[in-house]
>>> print(open('coords-v1.csv').read())   # CSV, C-alpha atoms and all ligand atoms
chain,number,residue,atom,x,y,z
C,1,MET,CA,86.0,-113.3,-91.8
C,2,ALA,CA,89.1,-111.1,-91.1
C,3,LEU,CA,89.9,-110.7,-87.4
C,4,MET,CA,88.5,-107.5,-85.9
C,5,ARG,CA,90.0,-105.9,-82.8
C,6,SER,CA,88.4,-103.4,-80.5
C,7,SER,CA,89.0,-101.8,-77.1
C,8,SER,CA,85.6,-100.3,-76.9
C,9,PRO,CA,82.8,-102.2,-74.9
C,10,ASP,CA,80.1,-100.3,-76.8
C,11,ASP,CA,81.5,-101.2,-80.2
C,12,VAL,CA,81.9,-104.8,-79.2
C,13,ARG,CA,78.4,-105.0,-77.8
C,14,SER,CA,76.9,-103.6,-81.0
C,15,THR,CA,78.9,-106.0,-83.2
C,16,VAL,CA,77.8,-109.0,-81.1
C,17,ARG,CA,74.1,-107.8,-81.3
C,18,THR,CA,74.4,-107.4,-85.0
C,19,TRP,CA,75.6,-111.0,-85.4
C,20,GLN,CA,72.8,-112.2,-83.2
C,21,ALA,CA,70.2,-110.3,-85.2
C,22,ASP,CA,71.5,-112.1,-88.2
C,23,GLY,CA,70.8,-115.4,-86.5
C,24,LEU,CA,74.3,-116.3,-85.5
C,25,THR,CA,75.2,-117.9,-82.1
C,26,VAL,CA,78.1,-116.1,-80.4
C,27,GLY,CA,80.7,-117.8,-78.3
C,28,PHE,CA,82.9,-115.9,-75.9
C,29,VAL,CA,86.3,-116.9,-74.4
C,30,PRO,CA,87.6,-114.6,-71.7
C,31,THR,CA,91.4,-114.7,-71.2
C,32,MET,CA,94.3,-112.7,-69.8
C,33,GLY,CA,96.3,-113.4,-72.9
C,34,ALA,CA,99.6,-115.1,-73.5
C,35,LEU,CA,97.5,-117.6,-75.3
C,36,HIS,CA,98.5,-121.3,-75.1
C,37,GLU,CA,97.0,-124.6,-76.0
C,38,GLY,CA,94.7,-124.5,-73.0
C,39,HIS,CA,93.1,-121.2,-74.3
C,40,LEU,CA,93.1,-122.7,-77.8
C,41,SER,CA,91.0,-125.6,-76.7
C,42,LEU,CA,88.3,-123.2,-75.5
C,43,ILE,CA,88.7,-121.2,-78.7
C,44,ARG,CA,88.4,-124.3,-80.9
C,45,ALA,CA,85.3,-125.4,-78.9
C,46,SER,CA,83.6,-122.1,-79.4
C,47,VAL,CA,84.6,-121.8,-83.1
C,48,SER,CA,83.2,-125.3,-83.8
C,49,GLN,CA,80.0,-124.8,-81.8
C,50,CYS,CA,79.2,-121.1,-82.5
C,51,GLY,CA,78.8,-119.0,-85.7
C,52,ARG,CA,81.0,-116.2,-84.3
C,53,THR,CA,83.7,-116.2,-81.5
C,54,VAL,CA,84.9,-113.3,-79.4
C,55,VAL,CA,88.1,-113.6,-77.3
C,56,SER,CA,88.8,-111.0,-74.6
C,57,ILE,CA,92.4,-110.3,-73.7
C,58,TYR,CA,92.7,-108.3,-70.5
C,59,VAL,CA,95.0,-108.7,-67.5
C,60,ASN,CA,92.6,-107.7,-64.8
C,61,PRO,CA,94.4,-105.9,-62.0
C,62,ALA,CA,91.4,-106.3,-59.6
C,63,GLN,CA,92.0,-110.1,-59.3
C,64,PHE,CA,95.7,-109.8,-58.3
C,65,GLY,CA,96.4,-109.2,-54.6
C,66,PRO,CA,99.2,-107.0,-53.2
C,67,GLY,CA,102.5,-108.7,-53.8
C,68,GLU,CA,101.1,-111.0,-56.5
C,69,ASP,CA,102.5,-111.3,-60.0
C,70,LEU,CA,100.5,-108.5,-61.8
C,71,GLU,CA,103.7,-106.8,-63.1
C,72,ARG,CA,105.4,-109.9,-64.3
C,73,TYR,CA,102.3,-111.4,-65.9
C,74,PRO,CA,103.1,-112.0,-69.6
C,75,ARG,CA,101.7,-109.6,-72.1
C,76,ARG,CA,101.8,-110.4,-75.8
C,77,LEU,CA,98.9,-108.7,-77.5
C,78,GLU,CA,100.2,-108.7,-81.1
C,79,GLU,CA,101.2,-112.4,-81.0
C,80,ASP,CA,97.9,-113.3,-79.3
C,81,CYS,CA,95.9,-111.5,-82.0
C,82,ARG,CA,97.8,-113.4,-84.7
C,83,ILE,CA,97.1,-116.8,-82.9
C,84,ALA,CA,93.5,-115.8,-82.4
C,85,GLY,CA,93.1,-114.9,-86.1
C,86,GLN,CA,94.7,-118.2,-87.2
C,87,ASN,CA,92.3,-120.2,-85.1
C,88,GLY,CA,89.1,-118.7,-86.4
C,89,VAL,CA,88.4,-116.0,-83.8
C,90,ASP,CA,86.2,-113.2,-85.3
C,91,LEU,CA,86.8,-110.4,-82.7
C,92,VAL,CA,89.4,-109.7,-80.0
C,93,PHE,CA,88.2,-107.4,-77.3
C,94,CYS,CA,91.3,-105.8,-75.6
C,95,PRO,CA,90.2,-103.0,-73.4
C,96,SER,CA,92.6,-100.7,-71.4
C,97,ASP,CA,92.6,-100.3,-67.6
C,98,GLU,CA,91.2,-96.8,-68.1
C,99,VAL,CA,88.2,-98.2,-69.9
C,100,MET,CA,87.5,-101.1,-67.5
C,101,TYR,CA,88.3,-99.2,-64.2
C,102,PRO,CA,87.9,-95.5,-64.9
C,103,GLU,CA,88.5,-92.8,-62.2
C,104,GLY,CA,85.8,-93.2,-59.6
C,105,PHE,CA,85.1,-96.9,-60.3
C,106,ALA,CA,83.4,-98.2,-57.1
C,107,THR,CA,81.1,-101.2,-57.8
C,108,TYR,CA,82.2,-104.8,-57.3
C,109,VAL,CA,80.5,-108.2,-57.5
C,110,VAL,CA,81.0,-110.0,-54.2
C,111,GLN,CA,79.9,-113.6,-53.6
C,112,GLU,CA,79.5,-115.3,-50.2
C,113,GLY,CA,80.6,-118.8,-49.2
C,114,LEU,CA,82.2,-120.4,-52.3
C,115,THR,CA,84.7,-117.6,-52.6
C,116,ASP,CA,86.0,-117.9,-49.0
C,117,VAL,CA,87.6,-121.3,-49.3
C,118,LEU,CA,90.6,-122.8,-51.2
C,119,GLU,CA,91.9,-120.0,-53.6
C,120,GLY,CA,89.7,-117.5,-51.8
C,121,GLU,CA,91.4,-118.3,-48.4
C,122,SER,CA,94.8,-117.8,-49.9
C,123,ARG,CA,93.8,-114.9,-52.1
C,124,PRO,CA,91.1,-113.0,-50.3
C,125,THR,CA,90.2,-110.4,-53.0
C,126,HIS,CA,90.8,-112.6,-56.0
C,127,PHE,CA,87.2,-113.8,-56.7
C,128,ARG,CA,85.8,-110.3,-56.1
C,129,GLY,CA,88.1,-109.2,-59.0
C,130,VAL,CA,87.3,-112.2,-61.1
C,131,LEU,CA,83.5,-111.9,-60.7
C,132,THR,CA,83.5,-108.2,-61.3
C,133,ILE,CA,85.5,-108.4,-64.5
C,134,VAL,CA,83.6,-111.4,-65.8
C,135,CYS,CA,80.3,-109.6,-65.1
C,136,LYS,CA,81.6,-106.5,-66.9
C,137,LEU,CA,82.9,-108.6,-69.8
C,138,PHE,CA,79.5,-110.4,-70.1
C,139,ASN,CA,77.9,-106.9,-70.4
C,140,ALA,CA,80.4,-105.8,-73.1
C,141,VAL,CA,80.2,-109.2,-74.9
C,142,PRO,CA,76.5,-110.3,-74.7
C,143,ALA,CA,77.4,-113.7,-76.1
C,144,ASP,CA,75.1,-116.8,-76.0
C,145,ARG,CA,77.8,-119.0,-74.5
C,146,ALA,CA,81.0,-118.5,-72.5
C,147,TYR,CA,83.8,-121.0,-72.4
C,148,PHE,CA,86.0,-121.6,-69.3
C,149,GLY,CA,88.7,-124.2,-68.4
C,150,GLN,CA,88.4,-126.9,-65.8
C,151,LYS,CA,92.0,-125.9,-64.9
C,152,ASP,CA,90.5,-123.1,-62.8
C,153,PHE,CA,87.9,-125.3,-61.2
C,154,GLN,CA,86.8,-123.0,-58.3
C,155,GLN,CA,86.5,-120.2,-60.8
C,156,THR,CA,84.0,-122.2,-62.9
C,157,VAL,CA,82.0,-123.0,-59.7
C,158,VAL,CA,81.8,-119.3,-58.6
C,159,ILE,CA,81.0,-118.1,-62.1
C,160,ARG,CA,78.2,-120.6,-62.6
C,161,ARG,CA,76.8,-119.4,-59.2
C,162,MET,CA,77.0,-115.8,-60.3
C,163,VAL,CA,75.3,-116.5,-63.6
C,164,GLN,CA,72.5,-118.3,-61.8
C,165,ASP,CA,72.2,-115.8,-58.9
C,166,LEU,CA,72.1,-112.7,-61.1
C,167,ASN,CA,70.1,-114.3,-64.0
C,168,LEU,CA,72.8,-113.5,-66.5
C,169,PRO,CA,71.6,-114.6,-69.9
C,170,ILE,CA,74.6,-116.7,-71.0
C,171,ALA,CA,75.3,-120.4,-71.0
C,172,VAL,CA,78.6,-121.5,-69.3
C,173,ARG,CA,80.6,-124.3,-70.9
C,174,VAL,CA,83.6,-125.9,-69.1
C,175,MET,CA,86.3,-127.7,-71.1
C,176,PRO,CA,88.8,-130.2,-69.8
C,177,THR,CA,92.3,-129.2,-68.7
C,178,VAL,CA,95.0,-129.3,-71.4
C,179,ARG,CA,98.3,-130.7,-70.1
C,180,GLU,CA,101.9,-131.0,-71.2
C,181,PRO,CA,103.0,-134.6,-71.9
C,182,GLU,CA,104.3,-135.1,-68.3
C,183,GLY,CA,101.0,-133.8,-66.9
C,184,LEU,CA,101.8,-130.1,-66.0
C,185,ALA,CA,98.6,-128.1,-66.7
C,186,LEU,CA,99.4,-125.5,-69.3
C,187,SER,CA,99.3,-122.0,-67.7
C,188,SER,CA,100.7,-118.6,-68.5
C,189,ARG,CA,102.4,-118.7,-65.0
C,190,SER,CA,104.4,-121.8,-65.9
C,191,ASP,CA,106.4,-119.5,-68.2
C,192,HIS,CA,108.2,-118.3,-65.1
C,193,LEU,CA,109.4,-121.8,-64.1
C,194,GLY,CA,113.2,-122.3,-64.2
C,195,PRO,CA,114.5,-125.7,-65.6
C,196,GLU,CA,114.7,-127.4,-62.2
C,197,GLU,CA,111.3,-126.1,-61.2
C,198,ARG,CA,109.8,-127.2,-64.5
C,199,GLU,CA,111.2,-130.7,-63.8
C,200,GLN,CA,109.5,-130.9,-60.5
C,201,ALA,CA,106.2,-129.2,-61.4
C,202,PRO,CA,104.5,-132.4,-62.7
C,203,CYS,CA,104.3,-133.5,-59.0
C,204,LEU,CA,100.9,-131.8,-59.0
C,205,TYR,CA,99.6,-134.0,-61.7
C,206,ARG,CA,101.2,-137.1,-60.2
C,207,ALA,CA,99.6,-136.3,-56.8
C,208,LEU,CA,96.2,-135.9,-58.5
C,209,THR,CA,96.4,-139.0,-60.5
C,210,GLU,CA,97.4,-141.0,-57.4
C,211,ALA,CA,94.4,-139.8,-55.6
C,212,ARG,CA,92.2,-140.8,-58.5
C,213,ARG,CA,93.9,-144.2,-58.7
C,214,LEU,CA,93.3,-144.9,-55.0
C,215,TYR,CA,89.6,-143.9,-55.4
C,216,ARG,CA,89.2,-146.1,-58.4
C,217,GLU,CA,90.7,-149.0,-56.5
C,218,GLY,CA,87.9,-148.6,-54.0
C,219,GLU,CA,89.2,-146.2,-51.4
C,220,THR,CA,86.4,-143.8,-50.3
C,221,ASP,CA,88.0,-142.3,-47.2
C,222,PRO,CA,89.5,-138.9,-48.2
C,223,ALA,CA,92.3,-139.1,-45.6
C,224,PRO,CA,94.5,-141.6,-47.3
C,225,LEU,CA,94.0,-139.8,-50.6
C,226,ARG,CA,95.1,-136.5,-49.1
C,227,THR,CA,98.1,-138.2,-47.4
C,228,ALA,CA,99.2,-139.8,-50.7
C,229,MET,CA,99.0,-136.4,-52.4
C,230,GLU,CA,100.9,-134.7,-49.6
C,231,SER,CA,103.7,-137.2,-49.7
C,232,ILE,CA,104.1,-136.9,-53.5
C,233,ILE,CA,104.3,-133.1,-53.2
C,234,ALA,CA,106.7,-133.5,-50.3
C,235,SER,CA,109.0,-135.6,-52.4
C,236,ALA,CA,109.6,-132.6,-54.8
C,237,PRO,CA,112.2,-130.5,-52.9
C,238,LEU,CA,111.2,-127.2,-54.5
C,239,ALA,CA,107.4,-127.7,-53.9
C,240,ARG,CA,105.6,-126.0,-51.0
C,241,PRO,CA,101.9,-126.9,-50.7
C,242,ASP,CA,99.4,-124.2,-50.0
C,243,TYR,CA,96.3,-126.5,-49.8
C,244,ILE,CA,95.6,-130.1,-50.7
C,245,GLU,CA,91.9,-131.2,-50.5
C,246,ILE,CA,89.2,-133.4,-51.8
C,247,VAL,CA,86.1,-131.3,-52.2
C,248,ASP,CA,82.5,-131.6,-53.4
C,249,ARG,CA,82.3,-130.3,-57.0
C,250,ASP,CA,79.3,-128.1,-56.2
C,251,THR,CA,79.7,-126.9,-52.6
C,252,LEU,CA,83.6,-126.9,-52.5
C,253,ALA,CA,83.3,-128.3,-49.0
C,254,PRO,CA,85.7,-131.1,-48.0
C,255,VAL,CA,84.0,-134.5,-48.5
C,256,GLU,CA,83.5,-137.1,-45.8
C,257,ARG,CA,83.3,-139.9,-48.4
C,258,VAL,CA,84.8,-139.8,-51.9
C,259,THR,CA,82.4,-140.2,-54.7
C,260,ASP,CA,82.4,-139.4,-58.5
C,261,ALA,CA,81.1,-135.9,-57.4
C,262,ALA,CA,84.4,-135.2,-55.6
C,263,VAL,CA,87.3,-133.2,-57.0
C,264,ALA,CA,90.9,-133.4,-55.8
C,265,VAL,CA,92.3,-129.8,-55.7
C,266,LEU,CA,95.7,-128.4,-54.8
C,267,ALA,CA,97.8,-125.2,-54.9
C,268,VAL,CA,101.5,-125.6,-54.7
C,269,ARG,CA,104.4,-123.1,-54.8
C,270,ILE,CA,107.3,-124.2,-56.9
C,271,GLY,CA,110.0,-121.6,-56.1
C,272,ARG,CA,108.2,-118.2,-56.6
C,273,THR,CA,105.5,-119.5,-58.9
C,274,ARG,CA,102.2,-120.6,-57.5
C,275,LEU,CA,100.5,-123.4,-59.5
C,276,ILE,CA,96.9,-124.7,-59.1
C,277,ASP,CA,95.5,-127.9,-60.5
C,278,ASN,CA,92.6,-130.3,-59.9
C,279,MET,CA,91.1,-133.6,-61.0
C,280,PRO,CA,87.5,-134.8,-60.9
C,281,MET,CA,87.4,-138.2,-59.2
C,282,GLY,CA,84.6,-139.2,-61.7
C,283,GLU,CA,85.0,-139.0,-65.5
C,284,GLU,CA,86.1,-135.7,-66.9
C,285,THR,CA,83.8,-135.0,-69.8
C,286,ALA,CA,83.7,-132.0,-72.1
C,287,GLU,CA,80.2,-130.5,-71.9
C,288,GLU,CA,78.1,-130.0,-75.0
C,301,LIG,P1,93.6,-117.1,-68.1
C,301,LIG,O1,94.1,-116.4,-69.3
C,301,LIG,O2,94.6,-117.8,-67.3
C,301,LIG,O3,92.7,-116.2,-67.3
C,301,LIG,O4,92.6,-118.3,-68.6
C,301,LIG,C1,91.6,-118.0,-69.5
C,301,LIG,C2,90.7,-119.3,-69.6
C,301,LIG,O5,91.5,-120.3,-70.1
C,301,LIG,C3,90.2,-119.7,-68.2
C,301,LIG,O6,88.8,-120.2,-68.4
C,301,LIG,C4,91.1,-120.8,-67.9
C,301,LIG,O7,90.5,-121.8,-67.0
C,301,LIG,C5,91.4,-121.5,-69.2
C,301,LIG,N1,92.6,-122.2,-69.2
C,301,LIG,C6,93.8,-121.8,-68.8
C,301,LIG,N2,94.7,-122.8,-68.8
C,301,LIG,C7,94.0,-123.9,-69.2
C,301,LIG,C8,94.4,-125.3,-69.5
C,301,LIG,N3,95.6,-125.7,-69.3
C,301,LIG,N4,93.4,-126.1,-70.0
C,301,LIG,C9,92.2,-125.7,-70.2
C,301,LIG,N5,91.8,-124.4,-70.0
C,301,LIG,C10,92.7,-123.5,-69.5
>>> encode(input="coords-v1.csv", output="structure tokens", more="lines below")
Ligand code: AMP
Amino acid sequence: MALMRSSSPDDVRSTVRTWQADGLTVGFVPTMGALHEGHLSLIRASVSQCGRTVVSIYVNPAQFGPGEDLERYPRRLEEDCRIAGQNGVDLVFCPSDEVMYPEGFATYVVQEGLTDVLEGESRPTHFRGVLTIVCKLFNAVPADRAYFGQKDFQQTVVIRRMVQDLNLPIAVRVMPTVREPEGLALSSRSDHLGPEEREQAPCLYRALTEARRLYREGETDPAPLRTAMESIIASAPLARPDYIEIVDRDTLAPVERVTDAAVAVLAVRIGRTRLIDNMPMGEETAEE
């Protein structure tokens, strides 16, 4: 099928409903564009598991705080559509700000608790923006399954919570983090790293793998894991940690004992670029 492209939520909804009426399962991959191998892993999962795949490309202003990188966030719609088409996507939904947040827009999705910690503490309005846009996108694209990346671990937890709390009729699938050979998690923001910054950015992955190594060697006290991660980040001169924690994968609360249900999480500034990453202490498995 040739790639379709639409900026109209109503048209996209009726196309998805037509496919479903024909008995096809529809997969949905929400993105902010500048597609890379991380996005492609979600797209490939959807294309292989669903009869039709929709990708949204929308840089959502509501999830950026004042002074964050909304203006310099990369935008490459034409190239993204080409990549989407080559990878089996059936429909790209690329709405405008006027369509998503028209004059008078006043309704937001706010979640308590899970959104107050980690990313939520550093970026107080971020998850309100994420949940609002994801809810709006799920209404425009009433797919059977939605695919998200483990890379944005807290996002997967808060989205699952919203889906459950609001009885949204969609199944959430989470796919493993795709990394560069030295371990840097692929992200649109790593485009901004200069050569020296890029050289130091794998310290996030090294810190996470060291935490997991200590756990697998039998350490179940989170304190030495945190200390080991902190000292690896401190050894990179351009790195400034924002938070470094070992949390429960469901509640996001810091754990008192490390188990397979714990996830090491961190946010680190490398120069002007803020990177996040995480690693489950148990096996990271792609969900079916
Ligand atoms: P974004 O365009 O950054 O909003 O990301 C869109 C989706 O791609 C989100 O579900 C992300 O978690 C996922 N994603 C981004 N980077 C990666 C990666 N390196 N590996 C796996 N998934 C990713």
>>> closest_atom_pairs(input="coords-v1.csv", of="range 74-109 of chain C", to="range 171-193 of chain C", cutoff="12 Å", atoms="all atoms listed in the file", output="CSV")
residue,atom,partner,partner_atom,distance
C:Pro74,CA,C:Ser188,CA,7.1
C:Arg75,CA,C:Ser188,CA,9.7
C:Arg76,CA,C:Ser188,CA,11.0
>>> closest_atom_pairs(input="coords-v1.csv", of="chain C", to="ligand LIG 301 (chain C)", cutoff="10 Å", atoms="all atoms listed in the file", output="JSON lines")
{"residue": "C:Val29", "atom": "CA", "partner": "C:LIG301", "partner_atom": "C2", "distance": 6.9}
{"residue": "C:Pro30", "atom": "CA", "partner": "C:LIG301", "partner_atom": "C1", "distance": 5.7}
{"residue": "C:Thr31", "atom": "CA", "partner": "C:LIG301", "partner_atom": "O1", "distance": 3.7}
{"residue": "C:Met32", "atom": "CA", "partner": "C:LIG301", "partner_atom": "O1", "distance": 3.7}
{"residue": "C:Gly33", "atom": "CA", "partner": "C:LIG301", "partner_atom": "O1", "distance": 5.2}
{"residue": "C:Ala34", "atom": "CA", "partner": "C:LIG301", "partner_atom": "O1", "distance": 7.0}
{"residue": "C:Leu35", "atom": "CA", "partner": "C:LIG301", "partner_atom": "O1", "distance": 7.0}
{"residue": "C:His36", "atom": "CA", "partner": "C:LIG301", "partner_atom": "N2", "distance": 7.5}
{"residue": "C:Glu37", "atom": "CA", "partner": "C:LIG301", "partner_atom": "N3", "distance": 6.9}
{"residue": "C:Gly38", "atom": "CA", "partner": "C:LIG301", "partner_atom": "C8", "distance": 3.6}
{"residue": "C:His39", "atom": "CA", "partner": "C:LIG301", "partner_atom": "O5", "distance": 4.6}
{"residue": "C:Leu40", "atom": "CA", "partner": "C:LIG301", "partner_atom": "N5", "distance": 8.1}
{"residue": "C:Ser41", "atom": "CA", "partner": "C:LIG301", "partner_atom": "C9", "distance": 6.6}
{"residue": "C:Leu42", "atom": "CA", "partner": "C:LIG301", "partner_atom": "N5", "distance": 6.6}
{"residue": "C:Ile43", "atom": "CA", "partner": "C:LIG301", "partner_atom": "O5", "distance": 9.1}
{"residue": "C:Val55", "atom": "CA", "partner": "C:LIG301", "partner_atom": "C1", "distance": 9.6}
{"residue": "C:Ser56", "atom": "CA", "partner": "C:LIG301", "partner_atom": "C1", "distance": 9.1}
{"residue": "C:Ile57", "atom": "CA", "partner": "C:LIG301", "partner_atom": "O1", "distance": 7.7}
{"residue": "C:Tyr58", "atom": "CA", "partner": "C:LIG301", "partner_atom": "O1", "distance": 8.3}
{"residue": "C:Val59", "atom": "CA", "partner": "C:LIG301", "partner_atom": "O3", "distance": 7.8}
{"residue": "C:Asn60", "atom": "CA", "partner": "C:LIG301", "partner_atom": "O3", "distance": 8.9}
{"residue": "C:Val130", "atom": "CA", "partner": "C:LIG301", "partner_atom": "O3", "distance": 9.1}
{"residue": "C:Ala146", "atom": "CA", "partner": "C:LIG301", "partner_atom": "O6", "distance": 9.0}
{"residue": "C:Tyr147", "atom": "CA", "partner": "C:LIG301", "partner_atom": "O6", "distance": 6.5}
{"residue": "C:Phe148", "atom": "CA", "partner": "C:LIG301", "partner_atom": "O6", "distance": 3.3}
{"residue": "C:Gly149", "atom": "CA", "partner": "C:LIG301", "partner_atom": "O7", "distance": 3.3}
{"residue": "C:Gln150", "atom": "CA", "partner": "C:LIG301", "partner_atom": "O7", "distance": 5.6}
{"residue": "C:Lys151", "atom": "CA", "partner": "C:LIG301", "partner_atom": "O7", "distance": 4.8}
{"residue": "C:Asp152", "atom": "CA", "partner": "C:LIG301", "partner_atom": "O7", "distance": 4.4}
{"residue": "C:Phe153", "atom": "CA", "partner": "C:LIG301", "partner_atom": "O7", "distance": 7.3}
{"residue": "C:Gln154", "atom": "CA", "partner": "C:LIG301", "partner_atom": "O7", "distance": 9.5}
{"residue": "C:Gln155", "atom": "CA", "partner": "C:LIG301", "partner_atom": "O7", "distance": 7.5}
{"residue": "C:Thr156", "atom": "CA", "partner": "C:LIG301", "partner_atom": "O6", "distance": 7.6}
{"residue": "C:Arg173", "atom": "CA", "partner": "C:LIG301", "partner_atom": "O6", "distance": 9.5}
{"residue": "C:Val174", "atom": "CA", "partner": "C:LIG301", "partner_atom": "O6", "distance": 7.7}
{"residue": "C:Met175", "atom": "CA", "partner": "C:LIG301", "partner_atom": "C9", "distance": 6.3}
{"residue": "C:Pro176", "atom": "CA", "partner": "C:LIG301", "partner_atom": "C9", "distance": 5.7}
{"residue": "C:Thr177", "atom": "CA", "partner": "C:LIG301", "partner_atom": "N4", "distance": 3.5}
{"residue": "C:Val178", "atom": "CA", "partner": "C:LIG301", "partner_atom": "N4", "distance": 3.8}
{"residue": "C:Arg179", "atom": "CA", "partner": "C:LIG301", "partner_atom": "N3", "distance": 5.7}
{"residue": "C:Glu180", "atom": "CA", "partner": "C:LIG301", "partner_atom": "N3", "distance": 8.4}
{"residue": "C:Leu184", "atom": "CA", "partner": "C:LIG301", "partner_atom": "N3", "distance": 8.3}
{"residue": "C:Ala185", "atom": "CA", "partner": "C:LIG301", "partner_atom": "N3", "distance": 4.6}
{"residue": "C:Leu186", "atom": "CA", "partner": "C:LIG301", "partner_atom": "N3", "distance": 3.8}
{"residue": "C:Ser187", "atom": "CA", "partner": "C:LIG301", "partner_atom": "N2", "distance": 4.8}
{"residue": "C:Ser188", "atom": "CA", "partner": "C:LIG301", "partner_atom": "O2", "distance": 6.3}
{"residue": "C:Arg189", "atom": "CA", "partner": "C:LIG301", "partner_atom": "O2", "distance": 8.2}
{"residue": "C:Asp277", "atom": "CA", "partner": "C:LIG301", "partner_atom": "N3", "distance": 9.1}
>>> write_last_selection(input="coords-v1.csv", atoms="C-alpha atoms", output="short mmCIF file (atom, residue, chain, number, x, y, z; two decimals), keeping the file's coordinate frame")
data_model
loop_
_atom_site.label_atom_id
_atom_site.label_comp_id
_atom_site.auth_asym_id
_atom_site.auth_seq_id
_atom_site.Cartn_x
_atom_site.Cartn_y
_atom_site.Cartn_z
CA VAL C 29 86.30 -116.90 -74.40
CA PRO C 30 87.60 -114.60 -71.70
CA THR C 31 91.40 -114.70 -71.20
CA MET C 32 94.30 -112.70 -69.80
CA GLY C 33 96.30 -113.40 -72.90
CA ALA C 34 99.60 -115.10 -73.50
CA LEU C 35 97.50 -117.60 -75.30
CA HIS C 36 98.50 -121.30 -75.10
CA GLU C 37 97.00 -124.60 -76.00
CA GLY C 38 94.70 -124.50 -73.00
CA HIS C 39 93.10 -121.20 -74.30
CA LEU C 40 93.10 -122.70 -77.80
CA SER C 41 91.00 -125.60 -76.70
CA LEU C 42 88.30 -123.20 -75.50
CA ILE C 43 88.70 -121.20 -78.70
CA VAL C 55 88.10 -113.60 -77.30
CA SER C 56 88.80 -111.00 -74.60
CA ILE C 57 92.40 -110.30 -73.70
CA TYR C 58 92.70 -108.30 -70.50
CA VAL C 59 95.00 -108.70 -67.50
CA ASN C 60 92.60 -107.70 -64.80
CA VAL C 130 87.30 -112.20 -61.10
CA ALA C 146 81.00 -118.50 -72.50
CA TYR C 147 83.80 -121.00 -72.40
CA PHE C 148 86.00 -121.60 -69.30
CA GLY C 149 88.70 -124.20 -68.40
CA GLN C 150 88.40 -126.90 -65.80
CA LYS C 151 92.00 -125.90 -64.90
CA ASP C 152 90.50 -123.10 -62.80
CA PHE C 153 87.90 -125.30 -61.20
CA GLN C 154 86.80 -123.00 -58.30
CA GLN C 155 86.50 -120.20 -60.80
CA THR C 156 84.00 -122.20 -62.90
CA ARG C 173 80.60 -124.30 -70.90
CA VAL C 174 83.60 -125.90 -69.10
CA MET C 175 86.30 -127.70 -71.10
CA PRO C 176 88.80 -130.20 -69.80
CA THR C 177 92.30 -129.20 -68.70
CA VAL C 178 95.00 -129.30 -71.40
CA ARG C 179 98.30 -130.70 -70.10
CA GLU C 180 101.90 -131.00 -71.20
CA LEU C 184 101.80 -130.10 -66.00
CA ALA C 185 98.60 -128.10 -66.70
CA LEU C 186 99.40 -125.50 -69.30
CA SER C 187 99.30 -122.00 -67.70
CA SER C 188 100.70 -118.60 -68.50
CA ARG C 189 102.40 -118.70 -65.00
CA ASP C 277 95.50 -127.90 -60.50
#
>>> residues_around(input="coords-v1.csv", residues="Met4 in chain C", least_positions_apart="3", cutoff="12 Å", atoms="all atoms listed in the file", output="PDB file with C-alpha atoms, keeping the file's coordinate frame")
ATOM      1  CA  MET C   1      86.000-113.300 -91.800  1.00  0.00           C
ATOM      2  CA  SER C   7      89.000-101.800 -77.100  1.00  0.00           C
ATOM      3  CA  SER C   8      85.600-100.300 -76.900  1.00  0.00           C
ATOM      4  CA  ASP C  11      81.500-101.200 -80.200  1.00  0.00           C
ATOM      5  CA  VAL C  12      81.900-104.800 -79.200  1.00  0.00           C
ATOM      6  CA  THR C  15      78.900-106.000 -83.200  1.00  0.00           C
ATOM      7  CA  VAL C  16      77.800-109.000 -81.100  1.00  0.00           C
ATOM      8  CA  ARG C  52      81.000-116.200 -84.300  1.00  0.00           C
ATOM      9  CA  THR C  53      83.700-116.200 -81.500  1.00  0.00           C
ATOM     10  CA  VAL C  54      84.900-113.300 -79.400  1.00  0.00           C
ATOM     11  CA  VAL C  55      88.100-113.600 -77.300  1.00  0.00           C
ATOM     12  CA  SER C  56      88.800-111.000 -74.600  1.00  0.00           C
ATOM     13  CA  CYS C  81      95.900-111.500 -82.000  1.00  0.00           C
ATOM     14  CA  ARG C  82      97.800-113.400 -84.700  1.00  0.00           C
ATOM     15  CA  ALA C  84      93.500-115.800 -82.400  1.00  0.00           C
ATOM     16  CA  GLY C  85      93.100-114.900 -86.100  1.00  0.00           C
ATOM     17  CA  GLY C  88      89.100-118.700 -86.400  1.00  0.00           C
ATOM     18  CA  VAL C  89      88.400-116.000 -83.800  1.00  0.00           C
ATOM     19  CA  ASP C  90      86.200-113.200 -85.300  1.00  0.00           C
ATOM     20  CA  LEU C  91      86.800-110.400 -82.700  1.00  0.00           C
ATOM     21  CA  VAL C  92      89.400-109.700 -80.000  1.00  0.00           C
ATOM     22  CA  PHE C  93      88.200-107.400 -77.300  1.00  0.00           C
ATOM     23  CA  CYS C  94      91.300-105.800 -75.600  1.00  0.00           C
TER      24      CYS C  94
END
>>> atom_distance(input="coords-v1.csv", atom1="CA of Arg198 in chain C", atom2="CA of Ile270 in chain C")
8.5 Å
>>> closest_residue(input="coords-v1.csv", among="C:Cys50, C:Thr273, C:Gly23, C:Pro124", to="Phe64 in chain C", atoms="all atoms listed in the file")
C:Pro124
>>> residues_around(input="coords-v1.csv", residues="Leu24 in chain C", least_positions_apart="2", cutoff="8 Å", atoms="all atoms listed in the file", output="ChimeraX atom specification")
/C:19-22,26,50-52
>>> atom_distance(input="coords-v1.csv", atom1="CA of Ser96 in chain C", atom2="CA of Arg72 in chain C")
17.3 Å
>>> residues_around(input="coords-v1.csv", residues="Thr115 in chain C", least_positions_apart="5", cutoff="8 Å", atoms="all atoms listed in the file", output="ChimeraX atom specification")
/C:120-121,127,158
